[in-house]
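Source file: work_5.tsv (TSV, C-alpha atoms)
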```
chain	number	residue	atom	x	y	z
Y	386	MET	CA	8.39	13.37	28.80
Y	387	THR	CA	5.33	15.46	29.48
Y	388	ASP	CA	2.59	15.20	26.84
Y	389	ALA	CA	4.27	17.44	24.26
Y	390	THR	CA	4.93	17.44	20.55
Y	391	LEU	CA	8.12	18.78	19.00
Y	392	HIS	CA	8.02	20.91	15.83
Y	393	MET	CA	10.65	22.54	13.66
Y	394	GLY	CA	9.99	26.28	13.37
Y	395	LEU	CA	8.03	28.92	15.26
Y	396	PRO	CA	4.54	29.94	14.09
Y	397	ASP	CA	3.87	33.70	14.16
Y	398	ALA	CA	1.05	33.21	16.67
Y	399	LEU	CA	3.55	31.84	19.22
Y	400	ARG	CA	6.15	34.60	18.89
Y	401	PRO	CA	4.97	36.57	21.98
Y	402	ALA	CA	4.89	33.37	24.07
Y	403	ALA	CA	8.37	32.44	22.83
Y	404	ALA	CA	9.67	35.89	23.78
Y	405	ARG	CA	8.21	35.55	27.30
Y	406	LEU	CA	9.67	32.05	27.67
Y	407	TYR	CA	13.10	33.19	26.46
Y	408	TRP	CA	13.01	36.14	28.88
Y	409	GLN	CA	11.91	33.83	31.69
Y	410	ALA	CA	15.04	31.75	31.07
Y	411	PHE	CA	17.58	34.50	30.29
Y	412	GLY	CA	16.18	37.71	31.79
Y	413	GLY	CA	18.21	37.24	34.96
Y	414	LYS	CA	21.41	37.27	32.93
Y	415	LEU	CA	20.41	39.89	30.37
Y	416	GLY	CA	18.06	42.11	32.39
Y	417	ALA	CA	20.56	44.86	33.19
Y	418	VAL	CA	21.38	45.24	29.50
Y	419	MET	CA	18.19	44.31	27.67
Y	420	GLY	CA	15.63	45.65	30.15
Y	421	PRO	CA	13.22	47.00	30.97
Y	422	GLU	CA	11.20	43.81	30.42
Y	423	PRO	CA	8.55	45.31	28.06
Y	424	ARG	CA	11.27	46.52	25.69
Y	425	ALA	CA	13.19	43.26	25.95
Y	426	LEU	CA	10.02	41.38	24.99
Y	427	GLN	CA	9.47	43.73	22.04
Y	428	PHE	CA	13.04	43.17	20.91
Y	429	LEU	CA	12.85	39.39	21.23
Y	430	THR	CA	9.50	39.20	19.44
Y	431	ARG	CA	10.98	41.27	16.63
Y	432	VAL	CA	14.23	39.33	16.14
Y	433	MET	CA	13.38	35.67	16.76
Y	434	ARG	CA	14.12	33.63	13.63
Y	435	PRO	CA	11.30	31.11	13.09
Y	436	ASP	CA	13.59	28.87	11.01
Y	437	GLN	CA	16.25	28.56	13.72
Y	438	VAL	CA	14.30	26.80	16.47
Y	439	ILE	CA	12.67	23.57	17.56
Y	440	ILE	CA	9.62	24.08	19.76
Y	441	ALA	CA	7.51	21.92	22.07
Y	442	THR	CA	3.76	22.42	22.42
Y	443	ASP	CA	1.02	20.64	24.34
Y	444	ALA	CA	-2.18	19.23	22.80
Y	445	GLN	CA	-3.83	22.67	22.95
Y	446	GLY	CA	-0.94	24.32	21.11
Y	447	THR	CA	0.48	26.07	24.19
Y	448	LEU	CA	4.22	26.65	23.94
Y	449	LEU	CA	6.12	24.61	26.53
Y	450	GLY	CA	9.71	24.83	25.37
Y	451	ILE	CA	12.12	26.13	22.76
Y	452	ALA	CA	15.58	25.10	21.60
Y	453	GLY	CA	17.08	27.78	19.40
Y	454	PHE	CA	20.12	27.19	17.25
Y	455	LYS	CA	22.64	29.27	15.36
Y	456	THR	CA	24.02	28.62	11.89
Y	457	PRO	CA	25.82	30.81	9.36
Y	458	ALA	CA	22.30	31.86	8.27
Y	459	GLY	CA	21.75	33.48	11.68
Y	460	GLY	CA	20.81	32.82	15.27
Y	461	PHE	CA	17.42	32.31	16.88
Y	462	ALA	CA	17.43	35.45	19.03
Y	463	SER	CA	20.36	37.54	17.85
Y	464	GLY	CA	19.07	40.54	15.93
Y	465	GLN	CA	21.03	43.33	14.29
Y	466	SER	CA	21.99	46.90	15.18
Y	467	ALA	CA	18.89	48.19	13.38
Y	468	ASP	CA	16.70	46.02	15.62
Y	469	LEU	CA	18.34	47.40	18.75
Y	470	SER	CA	17.88	50.98	17.46
Y	471	ALA	CA	14.22	50.37	16.61
Y	472	ILE	CA	13.45	49.27	20.17
Y	473	TYR	CA	15.93	51.21	22.33
Y	474	GLY	CA	16.75	54.27	20.21
Y	475	LEU	CA	20.20	55.16	18.88
Y	476	LEU	CA	21.86	55.90	22.22
Y	477	GLY	CA	20.26	52.93	23.99
Y	478	ALA	CA	21.25	50.66	21.12
Y	479	ALA	CA	24.86	51.88	21.12
Y	480	TRP	CA	25.70	51.01	24.71
Y	481	ARG	CA	23.70	47.78	24.62
Y	482	LYS	CA	25.50	46.64	21.49
Y	483	SER	CA	28.86	47.43	23.08
Y	484	LEU	CA	28.13	45.40	26.21
Y	485	LEU	CA	26.52	42.48	24.36
Y	486	GLY	CA	29.46	42.43	21.94
Y	487	LEU	CA	31.76	41.63	24.85
Y	488	LEU	CA	29.95	38.33	25.29
Y	489	SER	CA	30.61	35.56	22.79
Y	490	ASP	CA	28.42	35.89	19.69
Y	491	ASP	CA	30.27	33.60	17.34
Y	492	VAL	CA	29.08	31.03	14.87
Y	493	ASP	CA	30.80	27.66	15.10
Y	494	ASN	CA	31.24	26.33	11.57
Y	495	ASP	CA	32.53	22.98	12.83
Y	496	ARG	CA	29.82	22.29	15.42
Y	497	PHE	CA	26.06	22.77	15.54
Y	498	LEU	CA	25.48	25.58	18.04
Y	499	LEU	CA	22.63	25.61	20.55
Y	500	ASP	CA	21.32	29.19	20.89
Y	501	GLY	CA	19.10	28.97	23.96
Y	502	LEU	CA	17.16	26.17	25.62
Y	503	CYS	CA	14.06	27.20	27.56
Y	504	VAL	CA	11.36	25.10	29.22
Y	505	ASP	CA	8.32	26.68	30.83
Y	506	SER	CA	8.40	26.41	34.62
Y	507	THR	CA	5.15	24.40	34.57
Y	508	ALA	CA	6.70	21.75	32.29
Y	509	ARG	CA	10.06	21.23	33.99
Y	510	SER	CA	11.21	17.92	35.48
Y	511	HIS	CA	9.22	15.90	32.94
Y	512	GLY	CA	11.97	15.25	30.38
Y	513	LEU	CA	11.10	18.07	27.98
Y	514	GLY	CA	14.53	19.69	28.15
Y	515	SER	CA	16.12	16.32	27.41
Y	516	ALA	CA	13.76	15.77	24.47
Y	517	LEU	CA	14.55	19.19	23.02
Y	518	LEU	CA	18.30	18.58	23.37
Y	519	GLU	CA	17.99	15.19	21.69
Y	520	ALA	CA	16.06	16.88	18.86
Y	521	ILE	CA	18.88	19.43	18.51
Y	522	CYS	CA	21.42	16.59	18.34
Y	523	ALA	CA	19.32	14.81	15.71
Y	524	GLU	CA	19.06	18.03	13.67
Y	525	ALA	CA	22.82	18.47	13.90
Y	526	HIS	CA	23.36	14.94	12.63
Y	527	THR	CA	20.89	15.50	9.77
Y	528	ARG	CA	22.81	18.62	8.76
Y	529	GLY	CA	26.10	16.72	8.73
Y	530	PHE	CA	27.63	18.00	11.96
Y	531	ALA	CA	29.62	15.61	14.17
Y	532	GLU	CA	29.17	17.63	17.38
Y	533	VAL	CA	26.76	19.97	19.14
Y	534	ARG	CA	28.16	22.88	21.13
Y	535	LEU	CA	26.49	24.98	23.80
Y	536	ASP	CA	27.55	27.69	26.21
Y	537	VAL	CA	26.13	27.84	29.72
Y	538	ILE	CA	26.80	30.24	32.59
Y	539	ASP	CA	28.51	28.91	35.69
Y	540	THR	CA	25.57	29.75	37.97
Y	541	ASN	CA	23.06	27.63	36.00
Y	542	LEU	CA	23.78	24.43	37.90
Y	543	ARG	CA	20.51	22.75	36.91
Y	544	ALA	CA	21.28	23.17	33.19
Y	545	ILE	CA	24.89	22.04	33.63
Y	546	ALA	CA	23.68	18.86	35.37
Y	547	LEU	CA	21.22	18.18	32.52
Y	548	TYR	CA	23.88	18.70	29.86
Y	549	LYS	CA	26.32	16.38	31.63
Y	550	ARG	CA	23.62	13.75	32.05
Y	551	LEU	CA	23.00	13.87	28.29
Y	552	GLY	CA	26.65	13.40	27.40
Y	553	PHE	CA	27.96	16.95	27.04
Y	554	THR	CA	31.45	17.57	28.38
Y	555	GLU	CA	33.14	20.83	29.26
Y	556	VAL	CA	35.86	21.79	26.77
Y	557	SER	CA	36.60	25.33	27.93
Y	558	ARG	CA	35.62	28.07	30.36
Y	559	GLN	CA	35.68	31.80	29.64
Y	560	ASN	CA	35.87	34.20	32.57
Y	561	ILE	CA	34.13	37.51	31.88
Y	562	GLY	CA	36.06	39.57	34.42
Y	563	LEU	CA	34.42	42.79	35.60
Y	564	LEU	CA	31.40	42.16	33.37
Y	565	ARG	CA	30.20	39.81	36.11
Y	566	VAL	CA	28.87	42.92	37.86
Y	567	VAL	CA	26.57	43.63	34.89
Y	568	PHE	CA	25.58	40.09	33.92
Y	569	GLY	CA	25.57	38.34	37.31
Y	570	PHE	CA	27.86	35.42	36.48
Y	571	ALA	CA	31.63	34.97	36.47
Y	572	SER	CA	32.24	32.54	33.61
Y	573	ALA	CA	30.66	30.68	30.73
Y	574	LEU	CA	31.33	27.01	30.11
Y	575	THR	CA	31.55	25.66	26.58
Y	576	MET	CA	30.24	22.11	26.42
Y	577	VAL	CA	30.28	19.68	23.48
Y	578	ARG	CA	28.62	16.36	22.63
Y	579	ARG	CA	29.34	14.07	19.71
Y	580	VAL	CA	26.30	13.10	17.64
```

In structure tokens, write the structure found in this file.
Amino acid sequence: MTDATLHMGLPDALRPAAARLYWQAFGGKLGAVMGPEPRALQFLTRVMRPDQVIIATDAQGTLLGIAGFKTPAGGFASGQSADLSAIYGLLGAAWRKSLLGLLSDDVDNDRFLLDGLCVDSTARSHGLGSALLEAICAEAHTRGFAEVRLDVIDTNLRAIALYKRLGFTEVSRQNIGLLRVVFGFASALTMVRRV
């Protein structure tokens, strides 16, 4: 693994960097709905839950990676209707909420749910994604969960290969039908690993 330290929680000073990193990872999928980028970054900075994430930083404190998770207490980057309205206005929030609601936004009470894994492009291929996933699995075990669940889009072949290498197996696939035109992918895979 690259020279990084893992921490539970997100300090306020790193919120803008975390928003940029999250957008770097998921902007391609969410851009048509959550864009333009400046508003998406405002939204993400506003809604990120500092208690629902494990982060990786280098020796200088630069954010290198994040692994968000979702529990009944909330998700790392979910937000509420009021957050959408505050950033996009009432009309902008209404159609965005409708489209985002068509994607899965559930909480899995039986499995610990990964809510976004992002590694900065400068830190990839050094084992940081694997370290963050192992930290998520350890956190799941600490909290009494027997399995970790994640959802990944079918076009993210690099992530799918990483998840398989770390012991995750596909348990289902959800086709999104005509929404593929908006989001740029055809299906989402649900993958699970015992911890």

* **Selected residue of minimal separation from Ala441 of chain Y among Y:Met576, Y:Ala471, Y:Leu395, Y:Leu415, counting only C-alpha atoms** =>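 The closest residue to Ala441 of chain Y is Y:Leu395.
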
* Enumerate, as number ranges by chain, the protein, DNA and RNA residues whose atoms approach (25.8, 19.0, 33.4) to within 10 Å, taking into account all atoms listed in the file and the coordinate frame of the file. => Y: 537, 541-555, 576

* To do: Please provide the set of residues having any atom within 9 Å of Asp436 of chain Y, restricted to all atoms listed in the file, with same-chain residues fewer than 5 positions apart removed, written as a PyMOL selection string.
  => chain Y and resi 393-395+461

Would you mind exporting the chosen residues as a short mmCIF file (atom, residue, chain, number, x, y, z; two decimals), in the coordinates of the input, restricted to C-alpha atoms?
```cif
data_model
loop_
_atom_site.label_atom_id
_atom_site.label_comp_id
_atom_site.auth_asym_id
_atom_site.auth_seq_id
_atom_site.Cartn_x
_atom_site.Cartn_y
_atom_site.Cartn_z
CA MET Y 393 10.65 22.54 13.66
CA GLY Y 394 9.99 26.28 13.37
CA LEU Y 395 8.03 28.92 15.26
CA PHE Y 461 17.42 32.31 16.88
#
```

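Rounded to one decimal, atom CA of Val580 of chain Y and atom CA of Leu499 of chain Y lie 13.4 Å from each other.
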
* To do: Find the residues near Ile538 of chain Y: any atom within 8 Å, counting all atoms listed in the file, skip ones fewer than 6 places away on the same chain, and give them as a PyMOL selection string.
  => chain Y and resi 570-574

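Across the structure, atom CA of Asp493 of chain Y and atom CA of Ala410 of chain Y are spaced 22.8 Å apart.
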
Taking only C-alpha atoms into account, produce a table as JSON lines in which each residue of segment 473-516 of chain Y with an atom at most 6 Å from an atom of segment 450-455 of chain Y appears once, together with its shortest atom pair and the distance in Å to one decimal, ordered by chain and rising number.
```
{"residue": "Y:Leu498", "atom": "CA", "partner": "Y:Lys455", "partner_atom": "CA", "distance": 5.4}
{"residue": "Y:Leu499", "atom": "CA", "partner": "Y:Phe454", "partner_atom": "CA", "distance": 4.4}
{"residue": "Y:Asp500", "atom": "CA", "partner": "Y:Phe454", "partner_atom": "CA", "distance": 4.3}
{"residue": "Y:Gly501", "atom": "CA", "partner": "Y:Gly453", "partner_atom": "CA", "distance": 5.1}
{"residue": "Y:Leu502", "atom": "CA", "partner": "Y:Ala452", "partner_atom": "CA", "distance": 4.4}
{"residue": "Y:Cys503", "atom": "CA", "partner": "Y:Ile451", "partner_atom": "CA", "distance": 5.3}
{"residue": "Y:Val504", "atom": "CA", "partner": "Y:Gly450", "partner_atom": "CA", "distance": 4.2}
{"residue": "Y:Asp505", "atom": "CA", "partner": "Y:Gly450", "partner_atom": "CA", "distance": 5.9}
```

* atom CA of Gln427 of chain Y to atom CA of Gln465 of chain Y, distance in Å rounded to a single decimal -> 13.9 Å

* **Of the listed residues Y:Ala458, Y:Ala531, Y:Gly420, Y:Ile440, that which approaches Ala478 of chain Y most closely, counting only C-alpha atoms** => Y:Gly420

* Asked: Contacts of Arg481 of chain Y at 12 Å or less, counting all atoms listed in the file, minus same-chain residues fewer than 6 places along, as a PyMOL selection string?
  -> chain Y and resi 415-420+425+465-466+468-470+472-475+487-488+567

* Asked: Neighbours of His526 of chain Y within 12 Å (all atoms listed in the file; same-chain residues fewer than 6 positions away dropped), as a ChimeraX atom specification?
  -> /Y:496-497,519-520,532-533,578-580

* Using only C-alpha atoms: which of Y:Pro457, Y:Leu429, Y:Leu449, Y:Gly529 has the shortest distance to Ala516 of chain Y ->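 Smallest distance to Ala516 of chain Y is found for Y:Leu449.
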
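If you count all atoms listed in the file and ignore residues fewer than 4 places along the chain from Arg405 of chain Y, what sits within 7 Å of it is Pro401, Gln409 and Leu426 of chain Y.
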